[in-house]
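One structure below.
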Amino acid sequence: MQAARCPYRNGDQPAADPCTDYLPLREEESVRWDEDLEVWIVSGFREVTALLRHPALSAAWPQRGATPLHREGEGGERAAEIVRRWFMFNDGNEHAATRRIVAPLFAADRLAAMRPVVDELVDELLAGRTDGVEVMADLAVPLSSRVICRILGLPDDVAPRLDHWAPDIAALLIADYLPEVRTRGHRALREIADVVEEALRSEVREGTGLWLLDKARREGAIEASDIWATASLLIYAGFETTSTFIGKAVRAALHAGAWASVQGREPAAVVDELLRFDTSVQQVARVAAAPVEAAGHLIAEGDLVLLMLGVANRDPVVFAGPDLLDYDREIRRHLTFGFGAHYCLGAGLARMESEIVLERLVGRWPDLALDGPPVTRQHFGITVLERLAVRGTGR
């Protein structure tokens with residue numbers, strides 16, 4: 001296959017990719033100190049990889065890290081207590097112990113058992129749609145929300161609420177120095193905790209996420225607040241990142257003129273290249289628990305570090321023609337799901353949902369095209385894909 005042009009580097013395209021906000025960082029040092037933000041920015045693939053697994057870089061930045069914006073704000077602890085309990089924001093045994101409790105939910109055999117469920121949900125969401133679909137509102141959002149609710153053991157009628165909770169939690173992770181952001185974010189987390197408690201008062205299906213967490217609580221391994229925290233993490237991460245990637249994957253393929261080339265190809269390879277090309281989570285934060293040397297720079301204890309996953313996935317030192325969408329690219333590894341101990345637990349689920357959606361869409365509409373420009377909005381510095389209408393005439 002001839003590599004498709006980069007869909008976001010052409011001026012005549014109707015919408016820009018969020019990664020173009022960060023790609024100029026490739027012209028800077030791969031590790032550099034930002035005086036304004038008072039944070040280290042790391043953009044090189046090898047440097048990001050090394051720091052993701054460095055034992056002196058802690059994932060507990062909501063507890064330990066602060067920027068000038070936080071120091072100028074209302075003060076107090078960063079984020080909510082429930083967020084500080086998310087295992088993704090903890091290290092060592094505290095991280096591993098909670099992660100182990102819910103890891104069976106994403107094991108290969110469980111994902112294989114979930115595949116028919118996802119197949120059925122996608123078919124249901126596409127049923128009766130002959131001319132096209134709005135990918136976000138009609139497919140990606142309801143699919144990812146219903147799937148994570150099934151995995152956790154929450155009622156189906158909770159699923160529509162995830163789309164309302166997610167933006168407020170996302171804002172809390174970015175701009176918790178703003179009082180209104182804290183208010184809305186804390187409210188969303190309280191509502192999730194209430195939903196979880198209500199579900200636990202009824203009969204929770206054996207083997208679901210809530211069943212595993214409640215079992216661990218009864219055995220004394222975790223506290224009740226850890227159930228709320230882990231459930232809110234899985235709800236947010238399982239919904240937000242997956243629905244975002246599904247939309248961005250369809251958009252990238254259409255913009256690049258590479259939609260028809262999806263057909264007949266190994267879905268896993270297509271999804272891997274789309275994951276590399278248009279990373280759902282553009283950056284992750286760490287805080288130095290001890291001095292760390294990186295690319296000739298000394299990161300001091302207490303310094304915040306931003307690891308730019310999206311830019312690293314476009315590093316020309318590692319990926320030939322990184323700004324081209326090439327389904328035949330042999331990808332040894334990309335950083336979309338992180339690396340090391342904090343590698344995304346739900347990576348397999350996100351891949352599976354995305355593969356099934358792409359298979360169904362290209363099978364139904366091999367001639368799919370945009371039905372108007374994609375609609376994006378800025379959400380505290382993050383570009384969110386809000387609407388992606390597509391049309392096709394079928395076979």
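Chain labels follow the order of the structure tokens: the first chain is A, the next B, and so on; residue numbering restarts at 1 in every chain, and ligands are counted from 1 in their shown order.
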
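Surrounding segment 30-47 of chain A within 6 Å are A:Thr49, A:Ala50, A:Leu304, A:Val305, A:Leu306, A:Leu307, A:Met308, A:Val311, A:Ala312, with only C-alpha atoms counted and residues fewer than 2 positions along the same chain left out.
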
Contacts of Arg351 of chain A at 9 Å (only C-alpha atoms; same-chain gap of 2+ positions) as a list in words
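Near Arg351 of chain A, the qualifying residues are Thr242, Ala268, Val271, Asp272, Leu275, Gly346, Ala347, Gly348, Leu349, Glu353, Ser354, Glu355 and Ile356 of chain A.
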
Selection to disk with C-alpha atoms, as a tab-separated table (two decimals), in the first residue's frame:
```tsv
chain	number	residue	atom	x	y	z
A	242	THR	CA	-11.98	4.52	23.80
A	268	ALA	CA	-5.08	-5.20	14.35
A	271	VAL	CA	-5.76	-0.05	14.45
A	272	ASP	CA	-2.13	-0.06	15.60
A	275	LEU	CA	-3.30	4.49	17.41
A	346	GLY	CA	-7.75	-1.63	29.15
A	347	ALA	CA	-5.59	-1.51	26.01
A	348	GLY	CA	-6.93	-4.83	24.72
A	349	LEU	CA	-10.54	-3.73	25.20
A	353	GLU	CA	-13.90	-2.13	20.23
A	354	SER	CA	-12.04	-0.10	17.61
A	355	GLU	CA	-11.37	-3.10	15.38
A	356	ILE	CA	-15.02	-4.14	15.43
```

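Comparing the minimum interatomic distances between Ser225 of chain A and each of A:Asp194, A:Glu29, A:Asp123, A:Glu330, counting only C-alpha atoms, we find that A:Asp194 sits nearest.
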
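Take the candidates A:Leu154, A:Ala224, A:Ile246, A:Ile235 and check each one against Arg205 of chain A using only C-alpha atoms; the shortest distance goes to A:Leu154.
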
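Shortest atom-to-atom contact with Ala260 of chain A among A:Asp176, A:Glu191, A:Glu273, A:Asp367: A:Asp367, counting only C-alpha atoms.
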
Neighbour list for Ala253 of chain A as a VMD selection string, cut-off 12 Å, only C-alpha atoms, skip fewer than 4 positions in-chain:
chain A and resid 3 to 8 246 to 249 257 to 263 270 to 271 273 to 275 277 to 278 324 to 327 358 361 to 362 366 to 370 390

Could you save the residues just selected, with N, CA, C and O atoms, as a compact mmCIF listing (two decimals), in the first residue's frame?
```
# COMPACT_ATOMS: atom_id res chain seq x y z
N ALA A 3 1.69 4.81 1.17
CA ALA A 3 1.33 5.55 2.38
C ALA A 3 0.48 6.76 2.03
O ALA A 3 0.76 7.48 1.08
N ALA A 4 -0.59 6.95 2.80
CA ALA A 4 -1.47 8.10 2.58
C ALA A 4 -0.83 9.36 3.14
O ALA A 4 -0.04 9.30 4.08
N ARG A 5 -1.19 10.48 2.57
CA ARG A 5 -0.66 11.75 3.07
C ARG A 5 -1.13 12.00 4.51
O ARG A 5 -2.14 11.45 4.95
N CYS A 6 -0.38 12.80 5.20
CA CYS A 6 -0.81 13.17 6.55
C CYS A 6 -2.07 14.02 6.43
O CYS A 6 -2.06 15.07 5.81
N PRO A 7 -3.18 13.58 7.03
CA PRO A 7 -4.43 14.31 6.83
C PRO A 7 -4.50 15.64 7.55
O PRO A 7 -5.39 16.44 7.29
N TYR A 8 -3.59 15.88 8.46
CA TYR A 8 -3.70 17.09 9.25
C TYR A 8 -2.63 18.13 8.93
O TYR A 8 -2.51 19.13 9.61
N ILE A 246 -12.02 5.93 18.81
CA ILE A 246 -12.88 5.46 17.71
C ILE A 246 -13.17 6.61 16.75
O ILE A 246 -13.04 6.46 15.53
N GLY A 247 -13.56 7.75 17.29
CA GLY A 247 -13.83 8.90 16.43
C GLY A 247 -12.61 9.38 15.68
O GLY A 247 -12.66 9.66 14.48
N LYS A 248 -11.48 9.48 16.38
CA LYS A 248 -10.26 9.97 15.74
C LYS A 248 -9.75 8.99 14.68
O LYS A 248 -9.18 9.41 13.67
N ALA A 249 -9.95 7.69 14.90
CA ALA A 249 -9.51 6.70 13.92
C ALA A 249 -10.28 6.84 12.61
O ALA A 249 -9.70 6.83 11.52
N GLY A 257 -7.65 9.95 2.99
CA GLY A 257 -8.03 9.25 1.77
C GLY A 257 -7.68 7.78 1.84
O GLY A 257 -7.42 7.13 0.82
N ALA A 258 -7.64 7.24 3.05
CA ALA A 258 -7.20 5.86 3.25
C ALA A 258 -8.31 4.96 3.76
O ALA A 258 -8.04 3.89 4.30
N TRP A 259 -9.57 5.41 3.59
CA TRP A 259 -10.68 4.60 4.12
C TRP A 259 -10.83 3.28 3.37
O TRP A 259 -10.92 2.22 3.98
N ALA A 260 -10.86 3.34 2.06
CA ALA A 260 -11.06 2.11 1.27
C ALA A 260 -9.96 1.10 1.52
O ALA A 260 -10.18 -0.12 1.42
N SER A 261 -8.77 1.56 1.88
CA SER A 261 -7.63 0.66 2.10
C SER A 261 -7.77 -0.15 3.38
O SER A 261 -7.02 -1.11 3.59
N VAL A 262 -8.71 0.24 4.26
CA VAL A 262 -8.92 -0.54 5.49
C VAL A 262 -9.46 -1.92 5.15
O VAL A 262 -9.11 -2.91 5.79
N GLN A 263 -10.30 -1.99 4.13
CA GLN A 263 -10.96 -3.24 3.77
C GLN A 263 -9.94 -4.28 3.33
O GLN A 263 -9.03 -4.02 2.56
N VAL A 270 -4.16 -2.24 11.21
CA VAL A 270 -4.77 -0.94 10.89
C VAL A 270 -4.96 -0.12 12.16
O VAL A 270 -4.61 1.06 12.22
N VAL A 271 -5.50 -0.76 13.19
CA VAL A 271 -5.76 -0.05 14.45
C VAL A 271 -4.45 0.40 15.08
O VAL A 271 -4.36 1.51 15.63
N GLU A 273 -1.64 1.29 13.63
CA GLU A 273 -1.13 2.47 12.94
C GLU A 273 -1.98 3.69 13.27
O GLU A 273 -1.46 4.80 13.46
N LEU A 274 -3.29 3.52 13.35
CA LEU A 274 -4.16 4.64 13.72
C LEU A 274 -3.91 5.09 15.15
O LEU A 274 -3.95 6.28 15.45
N LEU A 275 -3.64 4.15 16.03
CA LEU A 275 -3.30 4.49 17.41
C LEU A 275 -2.01 5.29 17.47
O LEU A 275 -1.90 6.27 18.22
N PHE A 277 -0.70 7.05 15.00
CA PHE A 277 -0.80 8.28 14.24
C PHE A 277 -1.55 9.37 14.98
O PHE A 277 -1.18 10.53 14.96
N ASP A 278 -2.63 9.00 15.65
CA ASP A 278 -3.51 10.00 16.28
C ASP A 278 -3.82 9.55 17.71
O ASP A 278 -4.87 8.99 18.00
N LEU A 324 3.00 10.23 7.89
CA LEU A 324 2.21 9.52 6.90
C LEU A 324 1.42 8.41 7.59
O LEU A 324 1.94 7.74 8.49
N LEU A 325 0.19 8.21 7.17
CA LEU A 325 -0.64 7.13 7.68
C LEU A 325 -0.40 5.92 6.79
O LEU A 325 -0.79 5.90 5.63
N ASP A 326 0.27 4.91 7.33
CA ASP A 326 0.71 3.76 6.53
C ASP A 326 0.31 2.47 7.23
O ASP A 326 0.94 2.05 8.21
N TYR A 327 -0.74 1.81 6.73
CA TYR A 327 -1.23 0.59 7.35
C TYR A 327 -0.23 -0.56 7.25
O TYR A 327 -0.34 -1.55 7.98
N LEU A 358 -14.43 -0.46 13.06
CA LEU A 358 -13.88 -0.25 11.72
C LEU A 358 -14.33 -1.34 10.75
O LEU A 358 -14.67 -1.07 9.60
N LEU A 361 -18.03 -0.64 9.87
CA LEU A 361 -18.24 0.55 9.05
C LEU A 361 -17.73 0.34 7.63
O LEU A 361 -18.41 0.70 6.66
N VAL A 362 -16.56 -0.23 7.48
CA VAL A 362 -16.02 -0.40 6.13
C VAL A 362 -16.78 -1.49 5.39
O VAL A 362 -16.91 -1.45 4.15
N PRO A 366 -18.05 0.96 2.18
CA PRO A 366 -16.67 1.03 1.70
C PRO A 366 -16.33 2.37 1.07
O PRO A 366 -15.15 2.71 0.90
N ASP A 367 -17.37 3.14 0.71
CA ASP A 367 -17.15 4.45 0.10
C ASP A 367 -17.44 5.59 1.09
O ASP A 367 -17.80 6.69 0.69
N LEU A 368 -17.27 5.35 2.37
CA LEU A 368 -17.60 6.33 3.40
C LEU A 368 -16.86 7.64 3.17
O LEU A 368 -15.71 7.67 2.74
N ALA A 369 -17.56 8.75 3.46
CA ALA A 369 -16.97 10.09 3.31
C ALA A 369 -17.51 10.99 4.41
O ALA A 369 -18.54 10.70 5.03
N LEU A 370 -16.80 12.08 4.66
CA LEU A 370 -17.28 13.06 5.64
C LEU A 370 -18.57 13.71 5.15
O LEU A 370 -18.69 14.04 3.98
N VAL A 390 -20.70 11.13 8.97
CA VAL A 390 -20.18 10.48 7.77
C VAL A 390 -21.35 9.93 6.95
O VAL A 390 -22.44 9.66 7.48
```

Rounded to one decimal place, report the atom CA of Gly321 of chain A-atom CA of Pro374 of chain A distance in Å.
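Atom CA of Pro374 of chain A lies 25.4 Å from atom CA of Gly321 of chain A.
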
Selection near Val196 of chain A, 8 Å with only C-alpha atoms, sequence-local residues under 6 positions removed, as a list in words:
Leu154, Leu210, Trp228 and Ala231 of chain A

With N, CA, C and O atoms retained, could you export that selection as a PDB file, in the first residue's frame?
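Result saved to selection_23.pdb:
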```
ATOM      1  N   LEU A 154     -22.651  -2.373  36.117  1.00  0.00           N
ATOM      2  CA  LEU A 154     -23.603  -1.290  36.334  1.00  0.00           C
ATOM      3  C   LEU A 154     -24.792  -1.439  35.394  1.00  0.00           C
ATOM      4  O   LEU A 154     -24.639  -1.966  34.282  1.00  0.00           O
ATOM      5  N   LEU A 210     -17.479  -4.612  39.865  1.00  0.00           N
ATOM      6  CA  LEU A 210     -17.967  -4.288  41.208  1.00  0.00           C
ATOM      7  C   LEU A 210     -17.948  -5.512  42.107  1.00  0.00           C
ATOM      8  O   LEU A 210     -17.673  -5.414  43.305  1.00  0.00           O
ATOM      9  N   TRP A 228     -15.119   3.025  45.135  1.00  0.00           N
ATOM     10  CA  TRP A 228     -15.580   4.218  44.406  1.00  0.00           C
ATOM     11  C   TRP A 228     -14.477   4.743  43.492  1.00  0.00           C
ATOM     12  O   TRP A 228     -14.733   5.104  42.347  1.00  0.00           O
ATOM     13  N   ALA A 231     -13.775   2.257  40.531  1.00  0.00           N
ATOM     14  CA  ALA A 231     -14.913   2.280  39.603  1.00  0.00           C
ATOM     15  C   ALA A 231     -14.923   3.562  38.792  1.00  0.00           C
ATOM     16  O   ALA A 231     -15.142   3.543  37.575  1.00  0.00           O
TER      17      ALA A 231
END
```

What separation in Å, quoted to one decimal, exists between atom CA of Leu105 of chain A and atom CA of Thr230 of chain A?
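That distance, rounded to one decimal, is 12.7 Å.
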
One decimal, Å: what's the distance from atom CA of Arg100 of chain A over to atom CA of Arg332 of chain A, could you say?
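Taking atom CA of Arg100 of chain A and atom CA of Arg332 of chain A, their separation equals 26.4 Å.
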
Write out as a VMD selection string which residues come within 12 Å of Glu223 of chain A when counting only C-alpha atoms, dropping same-chain ones fewer than 6 positions away.
chain A and resid 82 85 98 213 to 217 229 to 230

Produce a file of the selected residues containing all heavy atoms, as a CSV table (one decimal), in the first residue's frame.
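Result file follows (selection_30.csv):
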```csv
chain,number,residue,atom,x,y,z
A,82,ILE,N,-10.8,10.9,45.9
A,82,ILE,CA,-11.1,9.7,45.1
A,82,ILE,C,-10.1,9.6,44.0
A,82,ILE,O,-9.6,8.5,43.7
A,82,ILE,CB,-12.5,9.7,44.6
A,82,ILE,CG1,-13.5,9.4,45.8
A,82,ILE,CG2,-12.7,8.8,43.5
A,82,ILE,CD1,-14.9,9.4,45.3
A,85,ARG,N,-6.8,8.3,44.9
A,85,ARG,CA,-6.8,6.9,45.1
A,85,ARG,C,-6.8,6.1,43.8
A,85,ARG,O,-6.7,4.8,43.9
A,85,ARG,CB,-8.0,6.5,46.0
A,85,ARG,CG,-7.9,6.9,47.5
A,85,ARG,CD,-9.1,6.5,48.2
A,85,ARG,NE,-9.0,6.7,49.6
A,85,ARG,CZ,-8.7,5.8,50.5
A,85,ARG,NH1,-8.4,4.5,50.1
A,85,ARG,NH2,-8.6,6.0,51.8
A,98,THR,N,-4.1,-2.9,43.8
A,98,THR,CA,-5.5,-2.6,43.3
A,98,THR,C,-5.6,-3.0,41.8
A,98,THR,O,-6.6,-3.5,41.4
A,98,THR,CB,-5.8,-1.1,43.4
A,98,THR,OG1,-5.6,-0.7,44.8
A,98,THR,CG2,-7.2,-0.8,43.1
A,213,LEU,N,-14.3,-6.0,43.2
A,213,LEU,CA,-13.9,-4.9,44.2
A,213,LEU,C,-14.6,-5.1,45.5
A,213,LEU,O,-14.0,-5.0,46.6
A,213,LEU,CB,-14.3,-3.6,43.6
A,213,LEU,CG,-13.4,-3.1,42.4
A,213,LEU,CD1,-14.0,-1.9,41.7
A,213,LEU,CD2,-12.0,-2.7,42.9
A,214,ASP,N,-15.9,-5.5,45.5
A,214,ASP,CA,-16.6,-5.7,46.8
A,214,ASP,C,-16.1,-6.9,47.5
A,214,ASP,O,-15.9,-7.0,48.7
A,214,ASP,CB,-18.1,-5.9,46.5
A,214,ASP,CG,-18.9,-5.8,47.8
A,214,ASP,OD1,-18.7,-4.9,48.6
A,214,ASP,OD2,-19.8,-6.6,48.0
A,215,LYS,N,-15.7,-8.0,46.7
A,215,LYS,CA,-15.1,-9.2,47.3
A,215,LYS,C,-13.7,-8.8,48.0
A,215,LYS,O,-13.5,-9.2,49.1
A,215,LYS,CB,-14.8,-10.2,46.2
A,215,LYS,CG,-14.2,-11.5,46.7
A,215,LYS,CD,-14.1,-12.5,45.5
A,215,LYS,CE,-13.5,-13.8,45.9
A,215,LYS,NZ,-12.0,-13.6,46.1
A,216,ALA,N,-12.9,-8.0,47.3
A,216,ALA,CA,-11.7,-7.5,47.9
A,216,ALA,C,-11.9,-6.7,49.2
A,216,ALA,O,-11.2,-6.8,50.2
A,216,ALA,CB,-10.9,-6.7,46.9
A,217,ARG,N,-13.0,-5.9,49.2
A,217,ARG,CA,-13.3,-5.1,50.4
A,217,ARG,C,-13.7,-6.0,51.5
A,217,ARG,O,-13.2,-5.8,52.7
A,217,ARG,CB,-14.4,-4.1,50.1
A,217,ARG,CG,-14.8,-3.3,51.3
A,217,ARG,CD,-16.2,-2.6,51.1
A,217,ARG,NE,-17.3,-3.5,50.9
A,217,ARG,CZ,-17.9,-4.2,51.8
A,217,ARG,NH1,-17.5,-4.1,53.1
A,217,ARG,NH2,-18.8,-5.0,51.5
A,229,ALA,N,-13.3,4.8,44.0
A,229,ALA,CA,-12.1,5.3,43.3
A,229,ALA,C,-11.9,4.5,42.0
A,229,ALA,O,-11.7,5.0,40.9
A,229,ALA,CB,-10.9,5.4,44.1
A,230,THR,N,-11.8,3.2,42.2
A,230,THR,CA,-11.4,2.3,41.1
A,230,THR,C,-12.5,2.3,40.0
A,230,THR,O,-12.3,2.2,38.8
A,230,THR,CB,-11.1,0.9,41.6
A,230,THR,OG1,-10.1,1.0,42.6
A,230,THR,CG2,-10.6,0.0,40.4
```

Taking the chain letters and numbering used in this document, name the residues of segment 7-186 of chain A that DSSP puts in strand (DSSP E), as an MDAnalysis selection string.
chainID A and resid 31:34 39:42 57:58 132:134

Could you pull out the residues in segment 36-255 of chain A that DSSP calls alpha helix (DSSP H) from the backbone, as a ChimeraX atom specification?
/A:45-52,61-64,68-72,81-84,92-102,108-126,135,141-152,159-174,179-201,209-218,224-255

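Of the listed residues (A:Arg364, A:Ala289, A:Arg218, A:Val357), A:Arg364 comes nearest to Thr130 of chain A; the distances count only C-alpha atoms.
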
Quick one: residues within 12 Å of Leu234 of chain A, only C-alpha atoms, excluding same-chain residues fewer than 4 positions away - as number ranges by chain?
A: 83, 86-88, 99, 102-103, 105-106, 144-145, 147-154, 162, 166, 192, 209-210, 213, 227-230, 238-242, 344-346, 349

Spatial neighbours of Val384 of chain A, 12 Å, only C-alpha atoms, chain gap at least 4 places, as an MDAnalysis selection string
chainID A and resid 15:19 136 166:167 170:171 240:241 243:245 247:248 280:282 374:380 388

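Compared by their closest atoms to His164 of chain A, and using only C-alpha atoms, the residues A:Leu189, A:Gly372, A:Tyr177, A:Leu233 rank with A:Leu189 nearest.
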